[in-house]
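File shown here: protein-v5.cif, holding mmCIF, C-alpha atoms (C1' of nucleotides).
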```
data_upload
#
loop_
_atom_site.label_atom_id
_atom_site.label_comp_id
_atom_site.auth_asym_id
_atom_site.auth_seq_id
_atom_site.Cartn_x
_atom_site.Cartn_y
_atom_site.Cartn_z
CA MET A 294 -13.34 23.59 -1.35
CA PHE A 295 -15.13 20.31 -0.94
CA SER A 296 -12.57 17.92 -2.25
CA PRO A 297 -13.34 14.25 -1.86
CA ARG A 298 -10.29 13.93 0.32
CA GLN A 299 -11.50 16.56 2.73
CA LEU A 300 -14.87 14.93 2.76
CA GLY A 301 -13.40 11.55 3.51
CA ILE A 302 -11.42 12.86 6.42
CA GLY A 303 -14.39 14.71 7.78
CA ILE A 304 -16.55 11.65 7.56
CA ALA A 305 -13.97 9.49 9.23
CA ILE A 306 -13.52 11.87 12.11
CA GLY A 307 -17.21 12.35 12.58
CA ALA A 308 -17.84 8.65 12.59
CA THR A 309 -15.06 7.59 14.87
CA ALA A 310 -15.86 10.29 17.37
CA GLY A 311 -19.25 8.74 17.89
CA VAL A 312 -18.02 5.21 18.14
CA ALA A 313 -16.65 5.04 21.65
CA GLY A 314 -18.57 2.15 23.07
CA THR A 315 -21.65 2.18 20.93
CA TYR A 316 -20.68 0.12 17.93
CA LEU A 317 -23.55 -2.17 17.11
CA LEU A 318 -23.54 -4.84 14.49
CA LEU A 319 -26.87 -3.96 12.97
CA LYS A 320 -26.81 -0.25 13.47
CA PRO A 321 -26.70 1.60 10.16
CA VAL A 322 -23.84 3.79 11.21
CA HIS A 323 -23.26 5.02 7.67
CA GLU A 324 -26.30 7.26 7.80
CA ALA A 325 -25.31 9.67 10.49
CA PRO A 326 -21.82 10.84 9.56
CA THR A 327 -22.56 11.23 5.85
CA ALA A 328 -25.70 13.24 6.24
CA PRO A 329 -26.04 15.46 3.16
CA SER A 330 -26.63 18.47 5.34
CA ALA A 331 -22.96 18.31 6.27
CA VAL A 332 -22.15 19.84 2.89
CA SER A 333 -23.43 23.33 2.31
CA HIS A 334 -22.63 23.61 -1.38
CA PRO A 335 -25.70 24.71 -3.33
CA ALA A 336 -25.40 21.72 -5.67
CA ALA A 337 -25.83 19.46 -2.70
CA LYS A 338 -29.25 20.81 -1.79
CA TYR A 339 -30.81 17.38 -2.31
CA GLY A 340 -27.91 15.44 -0.98
CA LEU A 341 -24.75 13.87 -2.26
CA PRO A 342 -24.84 10.49 -3.96
CA GLN A 343 -23.69 7.97 -1.41
CA SER A 344 -21.00 5.59 -2.54
CA ASN A 345 -19.14 4.27 0.48
CA HIS A 346 -20.42 2.93 3.73
CA LEU A 347 -18.38 3.18 6.86
CA ARG A 348 -19.22 0.24 9.09
CA LEU A 349 -18.05 0.10 12.66
CA PHE A 350 -17.68 -3.24 14.39
CA GLU A 351 -16.16 -4.39 17.60
CA GLY A 352 -12.48 -4.65 16.76
CA TYR A 353 -12.49 -3.31 13.23
CA ILE A 354 -13.86 -0.79 10.77
CA SER A 355 -14.93 -1.62 7.24
CA ASP A 356 -15.32 1.03 4.57
CA PHE A 357 -17.58 -0.89 2.22
CA ASP A 358 -17.49 -0.07 -1.48
CA PRO A 359 -20.84 -0.97 -3.05
CA ARG A 360 -19.52 -0.71 -6.59
CA THR A 361 -17.22 -3.68 -6.16
CA ARG A 362 -19.20 -5.09 -3.22
CA ASN A 363 -15.94 -5.51 -1.39
CA PRO A 364 -14.56 -3.44 1.43
CA ALA A 365 -12.42 -0.59 0.17
CA TYR A 366 -10.35 -1.34 3.23
CA VAL A 367 -10.71 -2.83 6.68
CA LEU A 368 -8.91 -1.21 9.59
CA GLU A 369 -8.19 -3.03 12.82
CA CYS A 370 -6.08 -2.63 15.91
CA ILE A 371 -4.89 -5.77 17.63
CA THR A 372 -3.05 -6.44 20.85
CA LYS A 373 -1.82 -9.56 22.50
CA GLU A 374 -5.04 -9.55 24.49
CA SER A 375 -7.42 -9.01 21.59
CA SER A 376 -5.83 -11.76 19.54
CA SER A 377 -5.90 -14.39 22.21
CA GLY A 378 -8.71 -15.73 24.30
CA GLU A 379 -11.76 -17.89 24.23
CA GLY A 380 -13.10 -16.89 20.84
CA ASN A 381 -13.89 -19.93 18.75
CA ARG A 382 -14.91 -19.98 15.12
CA GLU A 383 -16.52 -23.40 15.20
CA SER A 384 -19.96 -22.14 16.12
CA VAL A 385 -19.83 -19.01 13.98
CA ALA A 386 -21.39 -18.57 10.56
CA PHE A 387 -20.95 -15.88 7.95
CA TYR A 388 -23.80 -13.40 7.80
CA GLU A 389 -24.87 -10.55 5.57
CA ASP A 390 -24.44 -7.05 6.90
CA GLU A 391 -27.97 -5.78 7.27
CA GLY A 392 -26.62 -2.35 8.02
CA ILE A 393 -25.94 -2.02 4.31
CA ASP A 394 -28.89 -1.60 1.97
CA LYS A 395 -29.88 -4.73 0.06
CA ARG A 396 -29.08 -2.99 -3.20
CA PHE A 397 -25.47 -2.56 -2.23
CA ARG A 398 -24.28 -5.30 0.05
CA ASN A 399 -22.64 -8.58 -0.86
CA ARG A 400 -24.64 -11.67 -0.09
CA LEU A 401 -24.14 -15.23 0.98
CA ASP A 402 -25.52 -16.47 -2.33
CA ASP A 403 -22.86 -14.55 -4.22
CA PHE A 404 -20.14 -16.80 -2.85
CA ARG A 405 -21.98 -20.11 -3.04
CA ARG A 406 -20.43 -22.35 -5.65
CA SER A 407 -18.45 -19.39 -6.90
CA GLY A 408 -15.19 -21.25 -6.56
CA TYR A 409 -13.84 -18.56 -4.25
CA ASP A 410 -13.39 -18.55 -0.52
CA ARG A 411 -15.07 -16.00 1.70
CA GLY A 412 -11.82 -14.49 2.82
CA HIS A 413 -11.61 -12.48 6.01
CA LEU A 414 -9.82 -9.15 5.68
CA ALA A 415 -9.71 -8.64 9.44
CA PRO A 416 -8.80 -12.22 10.37
CA ALA A 417 -11.02 -14.07 12.80
CA ALA A 418 -7.94 -15.14 14.74
CA ASP A 419 -7.12 -11.49 15.46
CA HIS A 420 -10.28 -11.09 17.52
CA LYS A 421 -10.49 -13.90 19.98
CA SER A 422 -10.97 -11.88 23.15
CA SER A 423 -14.68 -12.67 23.08
CA GLN A 424 -17.10 -14.68 21.03
CA ALA A 425 -18.89 -11.49 20.03
CA ALA A 426 -15.68 -9.98 18.72
CA MET A 427 -14.96 -13.04 16.65
CA LYS A 428 -18.51 -13.21 15.32
CA ALA A 429 -18.22 -9.64 14.15
CA THR A 430 -15.43 -10.62 11.77
CA PHE A 431 -17.85 -12.97 9.99
CA SER A 432 -19.94 -10.10 8.67
CA LEU A 433 -19.74 -10.10 4.90
CA SER A 434 -18.67 -6.48 5.03
CA ASN A 435 -15.33 -7.92 6.18
CA ILE A 436 -15.17 -10.42 3.31
CA SER A 437 -13.65 -10.51 -0.15
CA PRO A 438 -13.57 -13.37 -2.68
CA GLN A 439 -10.21 -15.05 -2.33
CA VAL A 440 -8.59 -17.95 -4.10
CA GLY A 441 -8.67 -20.74 -1.55
CA ALA A 442 -6.03 -23.33 -2.26
CA GLY A 443 -2.56 -21.89 -2.38
CA PHE A 444 -3.64 -18.46 -1.18
CA ASN A 445 -6.31 -17.87 1.46
CA ARG A 446 -5.77 -21.22 3.10
CA ASP A 447 -2.04 -21.18 2.69
CA TYR A 448 0.27 -18.25 2.04
CA TRP A 449 -2.22 -15.55 3.01
CA ALA A 450 -3.13 -17.44 6.19
CA ARG A 451 0.54 -17.64 7.06
CA PHE A 452 0.90 -13.93 6.38
CA GLU A 453 -1.99 -13.21 8.72
CA ARG A 454 -0.31 -15.25 11.38
CA PHE A 455 2.92 -13.35 10.83
CA VAL A 456 1.10 -10.06 11.38
CA LYS A 457 -0.65 -11.39 14.44
CA LEU A 458 2.67 -12.36 15.96
CA LEU A 459 3.77 -8.74 15.72
CA SER A 460 1.36 -8.05 18.55
CA ARG A 461 3.72 -10.00 20.78
CA SER A 462 6.69 -7.73 20.21
CA CYS A 463 4.67 -4.53 19.82
CA ASP A 464 2.03 -3.04 22.05
CA ARG A 465 -0.52 -2.25 19.43
CA VAL A 466 -0.61 -3.25 15.80
CA TYR A 467 -2.75 -1.23 13.42
CA ILE A 468 -3.54 -3.00 10.18
CA ALA A 469 -5.27 -1.79 7.05
CA THR A 470 -6.23 -4.62 4.72
CA GLY A 471 -8.00 -4.39 1.41
CA PRO A 472 -8.49 -5.49 -2.17
CA LEU A 473 -6.79 -4.13 -5.24
CA TYR A 474 -7.87 -4.16 -8.85
CA LEU A 475 -4.64 -3.72 -10.72
CA PRO A 476 -4.64 -3.13 -14.47
CA LYS A 477 -2.69 -5.18 -16.93
CA ALA A 478 -0.63 -3.87 -19.79
CA SER A 479 -2.64 -4.07 -22.96
CA GLY A 480 -1.36 -4.35 -26.50
CA GLN A 481 -0.02 -0.96 -27.46
CA GLY A 482 1.43 0.55 -24.36
CA GLY A 483 -1.92 1.05 -22.72
CA PHE A 484 -3.57 -0.62 -19.78
CA GLU A 485 -6.83 -2.36 -19.16
CA MET A 486 -8.67 -3.73 -16.18
CA GLN A 487 -9.57 -7.37 -16.17
CA TYR A 488 -11.00 -9.26 -13.24
CA PRO A 489 -13.77 -11.79 -12.66
CA LEU A 490 -17.04 -11.05 -10.94
CA ILE A 491 -19.28 -13.46 -9.04
CA GLY A 492 -22.96 -13.37 -8.16
CA ASN A 493 -25.85 -12.27 -10.33
CA ALA A 494 -25.88 -9.17 -12.54
CA PRO A 495 -26.24 -6.38 -11.88
CA ARG A 496 -25.44 -7.06 -8.24
CA LEU A 497 -22.03 -8.51 -8.93
CA VAL A 498 -19.17 -8.93 -6.53
CA ALA A 499 -15.75 -8.12 -7.95
CA VAL A 500 -12.94 -10.58 -7.49
CA PRO A 501 -9.85 -8.55 -6.57
CA THR A 502 -6.65 -9.16 -8.46
CA HIS A 503 -4.52 -8.45 -5.39
CA PHE A 504 -4.73 -7.75 -1.68
CA PHE A 505 -2.74 -5.36 0.45
CA LYS A 506 -1.86 -4.97 4.08
CA VAL A 507 -0.39 -1.86 5.62
CA ILE A 508 1.05 -2.37 9.09
CA LEU A 509 1.73 0.29 11.69
CA ALA A 510 2.94 -1.10 15.01
CA GLU A 511 3.66 0.85 18.14
CA PRO A 512 6.81 -0.19 19.98
CA PRO A 513 6.32 -1.55 23.46
CA ALA A 514 6.13 0.98 26.21
CA GLY A 515 8.97 0.57 28.63
CA ALA A 516 8.16 -2.26 30.94
CA ASP A 517 10.69 -1.11 33.48
CA GLY A 518 11.72 2.32 34.57
CA SER A 519 15.07 1.83 32.92
CA LYS A 520 13.49 1.55 29.52
CA ALA A 521 11.29 4.55 29.96
CA ALA A 522 14.26 6.82 29.48
CA GLY A 523 14.82 5.47 26.02
CA SER A 524 11.19 5.54 25.05
CA SER A 525 11.66 8.53 22.82
CA GLN A 526 13.97 6.43 20.70
CA LYS A 527 11.60 3.57 20.23
CA LYS A 528 10.69 3.32 16.61
CA MET A 529 7.39 2.62 15.00
CA VAL A 530 7.30 -0.45 12.80
CA VAL A 531 5.78 0.15 9.38
CA GLY A 532 5.37 -1.91 6.24
CA ALA A 533 3.15 -2.36 3.19
CA PHE A 534 2.69 -5.63 1.33
CA VAL A 535 0.81 -6.56 -1.83
CA MET A 536 0.08 -10.12 -2.95
CA PRO A 537 -1.75 -11.52 -5.96
CA ASN A 538 -5.09 -13.23 -5.38
CA ALA A 539 -3.62 -16.45 -6.67
CA PRO A 540 -1.69 -19.47 -5.46
CA ILE A 541 1.71 -18.40 -4.19
CA ASP A 542 4.83 -20.53 -4.06
CA PRO A 543 5.10 -21.32 -0.35
CA THR A 544 8.87 -20.81 -0.41
CA THR A 545 8.59 -17.19 -1.50
CA PRO A 546 10.05 -14.91 1.15
CA LEU A 547 7.57 -12.39 2.49
CA SER A 548 9.97 -9.56 1.73
CA ALA A 549 9.36 -10.18 -1.98
CA PHE A 550 5.90 -8.67 -1.47
CA ALA A 551 7.06 -5.53 0.30
CA VAL A 552 6.03 -2.45 -1.65
CA PRO A 553 6.60 1.29 -1.26
CA LEU A 554 3.68 2.92 0.46
CA THR A 555 3.61 5.60 -2.19
CA ALA A 556 3.04 3.04 -4.92
CA LEU A 557 0.30 1.32 -2.97
CA GLU A 558 -1.40 4.61 -2.27
CA GLU A 559 -1.23 5.61 -5.89
CA ALA A 560 -2.70 2.29 -6.95
CA SER A 561 -5.41 2.12 -4.31
CA GLY A 562 -6.35 5.77 -3.95
CA LEU A 563 -6.10 5.40 -0.20
CA ASP A 564 -4.06 7.61 2.12
CA PHE A 565 -2.86 5.33 4.91
CA PHE A 566 -2.41 6.38 8.52
CA PRO A 567 -2.42 10.08 7.66
CA ALA A 568 -2.09 11.04 11.30
CA TYR A 569 1.32 9.40 11.42
CA LEU A 570 2.83 9.12 7.96
CA ASN A 571 4.23 12.26 6.46
CA ASP A 572 6.23 12.77 3.29
CA SER A 573 9.65 12.34 4.84
CA ARG A 574 8.72 9.20 6.75
CA ARG A 575 7.07 7.79 3.69
CA ALA A 576 10.09 8.49 1.51
CA ALA A 577 12.51 6.86 3.92
CA LEU A 578 10.33 3.81 4.31
CA ASP A 579 9.78 3.51 0.57
CA THR A 580 13.49 3.28 -0.04
CA THR A 581 13.81 0.55 2.54
CA ALA A 582 10.81 -1.33 1.19
CA LEU A 583 12.29 -1.42 -2.29
CA SER A 584 15.53 -2.82 -0.95
CA TRP A 585 13.76 -5.59 0.88
CA GLN A 586 11.60 -6.32 -2.11
CA ALA A 587 14.65 -6.58 -4.34
CA LEU A 588 16.32 -8.89 -1.88
CA GLY A 589 13.26 -11.09 -1.62
CA ARG A 590 12.75 -11.29 -5.35
CA THR A 591 16.34 -12.09 -6.00
CA GLN A 592 16.11 -14.77 -3.43
CA MET A 593 12.99 -16.12 -5.06
CA GLN A 594 14.14 -16.06 -8.67
CA GLN A 595 17.73 -17.12 -8.42
CA ALA A 596 17.55 -19.70 -5.75
CA THR A 597 20.66 -21.60 -6.62
CA PRO A 598 22.10 -23.42 -3.63
CA ALA A 599 25.13 -21.16 -3.53
CA LEU A 600 23.07 -18.00 -3.58
CA LYS A 601 20.70 -19.41 -1.05
CA ALA A 602 23.58 -19.99 1.30
CA GLU A 603 24.87 -16.47 0.74
CA LEU A 604 21.48 -14.94 1.35
CA LEU A 605 20.95 -17.05 4.39
CA SER A 606 24.20 -15.83 5.84
CA LEU A 607 23.14 -12.27 5.11
CA LEU A 608 19.79 -12.78 6.74
CA ALA A 609 21.33 -14.42 9.76
CA ALA A 610 23.70 -11.57 10.40
CA ASP A 611 24.61 -10.74 13.93
CA PRO A 612 21.90 -8.66 15.64
CA SER A 613 24.55 -6.56 17.26
CA LEU A 614 25.26 -5.05 13.86
CA GLU A 615 21.97 -3.22 13.92
CA PRO A 616 21.41 0.21 12.45
CA GLN A 617 24.81 1.23 11.23
CA ALA A 618 23.29 3.11 8.39
CA ALA A 619 22.66 6.17 10.48
CA SER A 620 26.37 6.85 10.37
CA SER A 621 27.03 5.62 6.85
CA SER A 622 24.10 7.23 5.07
CA GLY A 623 24.91 10.56 6.59
CA ALA A 624 21.50 11.46 7.85
CA PRO A 625 22.49 14.07 10.40
CA SER A 626 19.07 14.51 11.92
CA THR A 627 19.03 11.00 13.30
CA SER A 628 22.05 11.40 15.51
CA GLN A 629 20.75 9.22 18.26
CA PRO A 630 22.95 7.23 20.57
CA GLN A 631 22.36 3.75 19.28
CA SER A 632 23.75 1.46 21.85
CA PRO A 633 21.12 1.42 24.59
CA ALA A 634 18.10 1.38 22.38
CA THR A 635 19.23 -1.46 20.20
CA LYS A 636 20.02 -3.73 23.08
CA GLN A 637 16.58 -3.40 24.58
CA ARG A 638 14.68 -4.87 21.72
CA PRO A 639 11.94 -7.35 22.60
CA MET A 640 12.81 -10.96 22.82
CA ALA A 641 11.75 -13.78 20.58
CA VAL A 642 12.09 -11.79 17.39
CA SER A 643 15.36 -11.55 15.58
CA MET A 644 16.48 -8.03 14.86
CA ARG A 645 17.83 -7.59 11.41
CA PRO A 646 20.41 -5.18 10.10
CA PHE A 647 19.91 -3.61 6.72
CA PRO A 648 22.04 -0.91 5.20
CA THR A 649 19.40 1.45 3.88
CA GLY A 650 17.06 1.09 6.78
CA ALA A 651 18.01 3.90 9.07
CA GLY A 652 16.86 7.44 8.80
CA GLY A 653 13.25 6.36 8.77
CA MET A 654 12.20 9.41 10.77
CA GLY A 655 11.37 7.41 13.84
CA ALA A 656 10.13 4.39 11.95
CA VAL A 657 11.64 1.12 10.79
CA HIS A 658 10.37 -1.23 8.16
CA VAL A 659 8.66 -4.40 9.31
CA CYS A 660 11.43 -6.43 7.69
CA GLU A 661 13.95 -4.66 9.89
CA HIS A 662 12.01 -5.54 12.99
CA VAL A 663 11.43 -9.23 12.38
CA ASP A 664 12.46 -11.80 9.84
CA CYS A 665 10.26 -11.28 6.81
CA LYS A 666 10.09 -14.96 6.31
CA LEU A 667 6.85 -16.72 7.03
CA PRO A 668 6.63 -19.60 9.45
CA ALA A 669 7.24 -22.98 7.95
CA GLU A 670 4.75 -23.91 5.29
CA ASP A 671 3.85 -27.04 7.17
CA TRP A 672 3.11 -25.17 10.36
CA PHE A 673 -0.43 -26.43 10.32
CA GLN A 674 0.66 -30.02 10.07
CA ALA A 675 3.18 -29.34 12.79
CA ALA A 676 0.47 -27.90 15.01
CA GLN A 677 -1.74 -30.87 14.32
CA ALA A 678 1.03 -33.27 15.12
CA ALA A 679 1.67 -31.42 18.35
CA ARG A 680 -2.01 -31.58 19.17
CA ASN A 681 -2.17 -35.29 18.49
CA SER A 682 0.89 -36.03 20.55
CA SER A 683 -0.42 -34.00 23.45
CA SER A 684 -3.86 -35.59 23.35
CA VAL A 685 -2.27 -39.01 23.39
CA SER A 686 -0.28 -37.97 26.38
CA SER A 687 0.23 -41.33 28.01
CA ALA A 688 0.64 -43.45 24.92
CA GLU A 689 3.15 -41.97 22.51
CA GLN A 690 2.25 -44.33 19.76
CA PRO A 691 0.32 -43.07 16.75
CA ALA A 692 -2.21 -45.73 17.57
CA GLY A 693 -4.57 -42.92 18.50
CA LYS A 694 -5.51 -42.63 14.85
CA LEU A 695 -6.34 -46.27 14.44
CA PRO A 696 -9.64 -46.34 16.34
CA LEU A 697 -11.03 -43.77 13.90
CA LYS A 698 -10.21 -45.93 10.94
CA GLY A 699 -11.57 -48.92 12.79
CA GLU A 700 -14.87 -47.16 13.40
CA LYS A 701 -15.28 -46.28 9.77
CA SER A 702 -14.44 -49.73 8.57
CA ASN A 703 -16.71 -51.21 11.15
CA GLY A 704 -19.55 -49.12 9.89
CA LYS A 705 -18.95 -50.30 6.36
CA HIS A 706 -18.69 -53.87 7.43
CA ALA A 707 -21.90 -53.60 9.35
CA ARG A 708 -23.71 -53.13 6.09
"C1'" DT B 226 -1.04 -20.86 16.65
"C1'" DT B 227 -5.34 -21.45 10.36
"C1'" DT B 228 -7.97 -20.88 6.34
"C1'" DC B 229 -12.53 -22.56 4.20
"C1'" DC B 230 -16.25 -25.67 1.08
"C1'" DT B 231 -19.35 -29.34 0.00
"C1'" DG B 232 -24.86 -31.80 0.47
"C1'" DT B 233 -30.39 -32.55 1.79
#
```
Could you quickly redo this structure as structure tokens?
Amino acid sequence: MFSPRQLGIGIAIGATAGVAGTYLLLKPVHEAPTAPSAVSHPAAKYGLPQSNHLRLFEGYISDFDPRTRNPAYVLECITKESSSGEGNRESVAFYEDEGIDKRFRNRLDDFRRSGYDRGHLAPAADHKSSQAAMKATFSLSNISPQVGAGFNRDYWARFERFVKLLSRSCDRVYIATGPLYLPKASGQGGFEMQYPLIGNAPRLVAVPTHFFKVILAEPPAGADGSKAAGSSQKKMVVGAFVMPNAPIDPTTPLSAFAVPLTALEEASGLDFFPAYLNDSRRAALDTTALSWQALGRTQMQQATPALKAELLSLLAADPSLEPQAASSSGAPSTSQPQSPATKQRPMAVSMRPFPTGAGGMGAVHVCEHVDCKLPAEDWFQAAQAARNSSSVSSAEQPAGKLPLKGEKSNGKHAR
DNA sequence: TTTCCTGT
């Protein structure tokens, strides 16, 4: 009668209903919605033990798990507007979430000299519409310990940028991000959990073995009247990805990390986007996700030049080939006229055909919507180079760097 | 168009 799942849903609804405009950084929002009086079971006369803390911030929600001292998940919604603007992280510092009791929250000291980065789950770059919005992402209730080099500062950062770019081809992008603690196979067919912890016992912060992102993107509303007619055919864009909290080969295609939602939900205990995902949608998307994962892993493991060329040709297939599978897979329910809808796709992203992709009950996998390759691994260097060349607008020579070196050497010589 | 850490 009072299953944890029902409770969770009730809490979520109660909390979000009160959010509207009143989210405050320091307000202990977890107290109101989880009031023990909400449960009338006789065993709960003196209240239920509290284990999770729902924290509402401008731009995102964190469901903080005090056992691991990580968020259980962080949920955000980004748009082109929210992810661009004046927000600047230079003047922002991480801060402890005083809305969580001292016994339960993670602390700045936990991360100091831990060897791990303070990794944003809702990325700072997703919330640049105002300085306040960006600052909110620096609350430690949005932070998990992440491996820095090779992961948080590299592949994961590129993944975040990939997700952010979805907000250019979709109206709204809903993203659930969180840690995973995945067991390893132990000797005799069993499993065991093994992961580091940082901080001081007993107030330890778990270091997740993996991180996930679940993406649910709304297709753009018709910009013109002509598109409005086809709006019912616009498909939601959905995908789930899981990556190890470890350095990742920068050449790995993103599709190699696509996972079936069902598997992620079974591993995490979380039911994602329950107001949209139902069993049939989930099943269709899971099939597609496995296909993309297999493609990506094949690409990763057997990257002989010949196979690379073959895969590249497959990936670069003509966009006009788009969802043929509706006819081939024999899903009669999805008997939509395909021609108008497919031609109206947003610009700047390459539409990709994939045989098992159709029949997603109104949804397509992320890898069908855009190339599930990440931007070039040297995109930061490229951006820096572009910045340098633009700042040295008149003089194209790299001499702009020389004065810096000269200053340093001058300082040394002065001594 | 990005992540972060290190001292006194």
Selection: 12 Å around region 227-231 of chain B, only C-alpha atoms (C1' of nucleotides), excl. self and same-chain fewer than 2 positions, as a PDB file with C-alpha atoms (C1' of nucleotides), in the coordinates of the input:
```pdb
ATOM      1  CA  ARG A 382     -14.910 -19.980  15.120  1.00  0.00           C
ATOM      2  CA  GLU A 383     -16.520 -23.400  15.200  1.00  0.00           C
ATOM      3  CA  ALA A 386     -21.390 -18.570  10.560  1.00  0.00           C
ATOM      4  CA  PHE A 387     -20.950 -15.880   7.950  1.00  0.00           C
ATOM      5  CA  PHE A 404     -20.140 -16.800  -2.850  1.00  0.00           C
ATOM      6  CA  ARG A 405     -21.980 -20.110  -3.040  1.00  0.00           C
ATOM      7  CA  ARG A 406     -20.430 -22.350  -5.650  1.00  0.00           C
ATOM      8  CA  SER A 407     -18.450 -19.390  -6.900  1.00  0.00           C
ATOM      9  CA  GLY A 408     -15.190 -21.250  -6.560  1.00  0.00           C
ATOM     10  CA  TYR A 409     -13.840 -18.560  -4.250  1.00  0.00           C
ATOM     11  CA  ASP A 410     -13.390 -18.550  -0.520  1.00  0.00           C
ATOM     12  CA  ARG A 411     -15.070 -16.000   1.700  1.00  0.00           C
ATOM     13  CA  GLY A 412     -11.820 -14.490   2.820  1.00  0.00           C
ATOM     14  CA  HIS A 413     -11.610 -12.480   6.010  1.00  0.00           C
ATOM     15  CA  LEU A 414      -9.820  -9.150   5.680  1.00  0.00           C
ATOM     16  CA  PRO A 416      -8.800 -12.220  10.370  1.00  0.00           C
ATOM     17  CA  ALA A 417     -11.020 -14.070  12.800  1.00  0.00           C
ATOM     18  CA  ALA A 418      -7.940 -15.140  14.740  1.00  0.00           C
ATOM     19  CA  ASP A 419      -7.120 -11.490  15.460  1.00  0.00           C
ATOM     20  CA  PRO A 438     -13.570 -13.370  -2.680  1.00  0.00           C
ATOM     21  CA  GLN A 439     -10.210 -15.050  -2.330  1.00  0.00           C
ATOM     22  CA  VAL A 440      -8.590 -17.950  -4.100  1.00  0.00           C
ATOM     23  CA  GLY A 441      -8.670 -20.740  -1.550  1.00  0.00           C
ATOM     24  CA  ALA A 442      -6.030 -23.330  -2.260  1.00  0.00           C
ATOM     25  CA  GLY A 443      -2.560 -21.890  -2.380  1.00  0.00           C
ATOM     26  CA  PHE A 444      -3.640 -18.460  -1.180  1.00  0.00           C
ATOM     27  CA  ASN A 445      -6.310 -17.870   1.460  1.00  0.00           C
ATOM     28  CA  ARG A 446      -5.770 -21.220   3.100  1.00  0.00           C
ATOM     29  CA  ASP A 447      -2.040 -21.180   2.690  1.00  0.00           C
ATOM     30  CA  TYR A 448       0.270 -18.250   2.040  1.00  0.00           C
ATOM     31  CA  TRP A 449      -2.220 -15.550   3.010  1.00  0.00           C
ATOM     32  CA  ALA A 450      -3.130 -17.440   6.190  1.00  0.00           C
ATOM     33  CA  ARG A 451       0.540 -17.640   7.060  1.00  0.00           C
ATOM     34  CA  PHE A 452       0.900 -13.930   6.380  1.00  0.00           C
ATOM     35  CA  GLU A 453      -1.990 -13.210   8.720  1.00  0.00           C
ATOM     36  CA  ARG A 454      -0.310 -15.250  11.380  1.00  0.00           C
ATOM     37  CA  PHE A 455       2.920 -13.350  10.830  1.00  0.00           C
ATOM     38  CA  LYS A 457      -0.650 -11.390  14.440  1.00  0.00           C
ATOM     39  CA  GLU A 670       4.750 -23.910   5.290  1.00  0.00           C
ATOM     40  CA  ASP A 671       3.850 -27.040   7.170  1.00  0.00           C
ATOM     41  CA  TRP A 672       3.110 -25.170  10.360  1.00  0.00           C
ATOM     42  CA  PHE A 673      -0.430 -26.430  10.320  1.00  0.00           C
ATOM     43  CA  GLN A 674       0.660 -30.020  10.070  1.00  0.00           C
ATOM     44  CA  ALA A 675       3.180 -29.340  12.790  1.00  0.00           C
ATOM     45  CA  ALA A 676       0.470 -27.900  15.010  1.00  0.00           C
ATOM     46  CA  GLN A 677      -1.740 -30.870  14.320  1.00  0.00           C
TER      47      GLN A 677
ATOM     48  C1'  DT B 233     -30.390 -32.550   1.790  1.00  0.00           C
TER      49       DT B 233
END
```
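Selection check: the PyMOL selection byres ((chain A and resi 495) around 12) on the shown file gives Pro359, Arg360, Thr361, Arg362, Arg396, Phe397, Asn399, Asp403, Leu490, Ile491, Gly492, Asn493, Ala494, Arg496, Leu497, Val498 and Ala499 of chain A.
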Pick from A:Gly589, A:Pro364, A:Gly480, A:Gly532, whichever lies nearest to Asn345 (chain A) using all atoms listed in the file: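 Nearest candidate to Asn345 (chain A) out of A:Gly589, A:Pro364, A:Gly480, A:Gly532: A:Pro364.
Taking CA of Leu563 (chain A) and CA of His420 (chain A) as the two end points, the separation is 24.6 Å.
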Result set, the PyMOL selection byres ((chain A and resi 458) around 12) on current file, as an NGL selection string: (:A and (371-374 or 376-377 or 418-419 or 451-457 or 459-466 or 510 or 641-642 or 659 or 662-665 or 667-668)) or (:B and (226))
Selected residue, from A:Gly378, A:Glu559, A:Gly352, A:Ser479, that lies nearest to chain B when counting only C-alpha atoms (C1' of nucleotides):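 Using only C-alpha atoms (C1' of nucleotides), chain B sits closest to A:Gly378.
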Interatomic distance (Å, one decimal) between CA of Pro543 (chain A) and CA of Gln592 (chain A): 13.2 Å
Separation of CA of Ser344 (chain A) from CA of Asp358 (chain A) in Å: 6.7 Å
Shell of 8 Å around Lys528 (chain A), all atoms listed in the file, local chain residues under 4 positions omitted, as a PDB file with C-alpha atoms, keeping the file's coordinate frame:
```pdb
ATOM      1  CA  GLU A 511       3.660   0.850  18.140  1.00  0.00           C
ATOM      2  CA  PRO A 512       6.810  -0.190  19.980  1.00  0.00           C
ATOM      3  CA  GLY A 655      11.370   7.410  13.840  1.00  0.00           C
ATOM      4  CA  ALA A 656      10.130   4.390  11.950  1.00  0.00           C
ATOM      5  CA  VAL A 657      11.640   1.120  10.790  1.00  0.00           C
TER       6      VAL A 657
END
```
Spatial sel., origin (-11.7, -4.0, 7.5), limit 12 Å, all atoms listed in the file, listed as a PyMOL selection string: chain A and resi 346-358+363-370+412-417+419+429-437+467-472+505-507
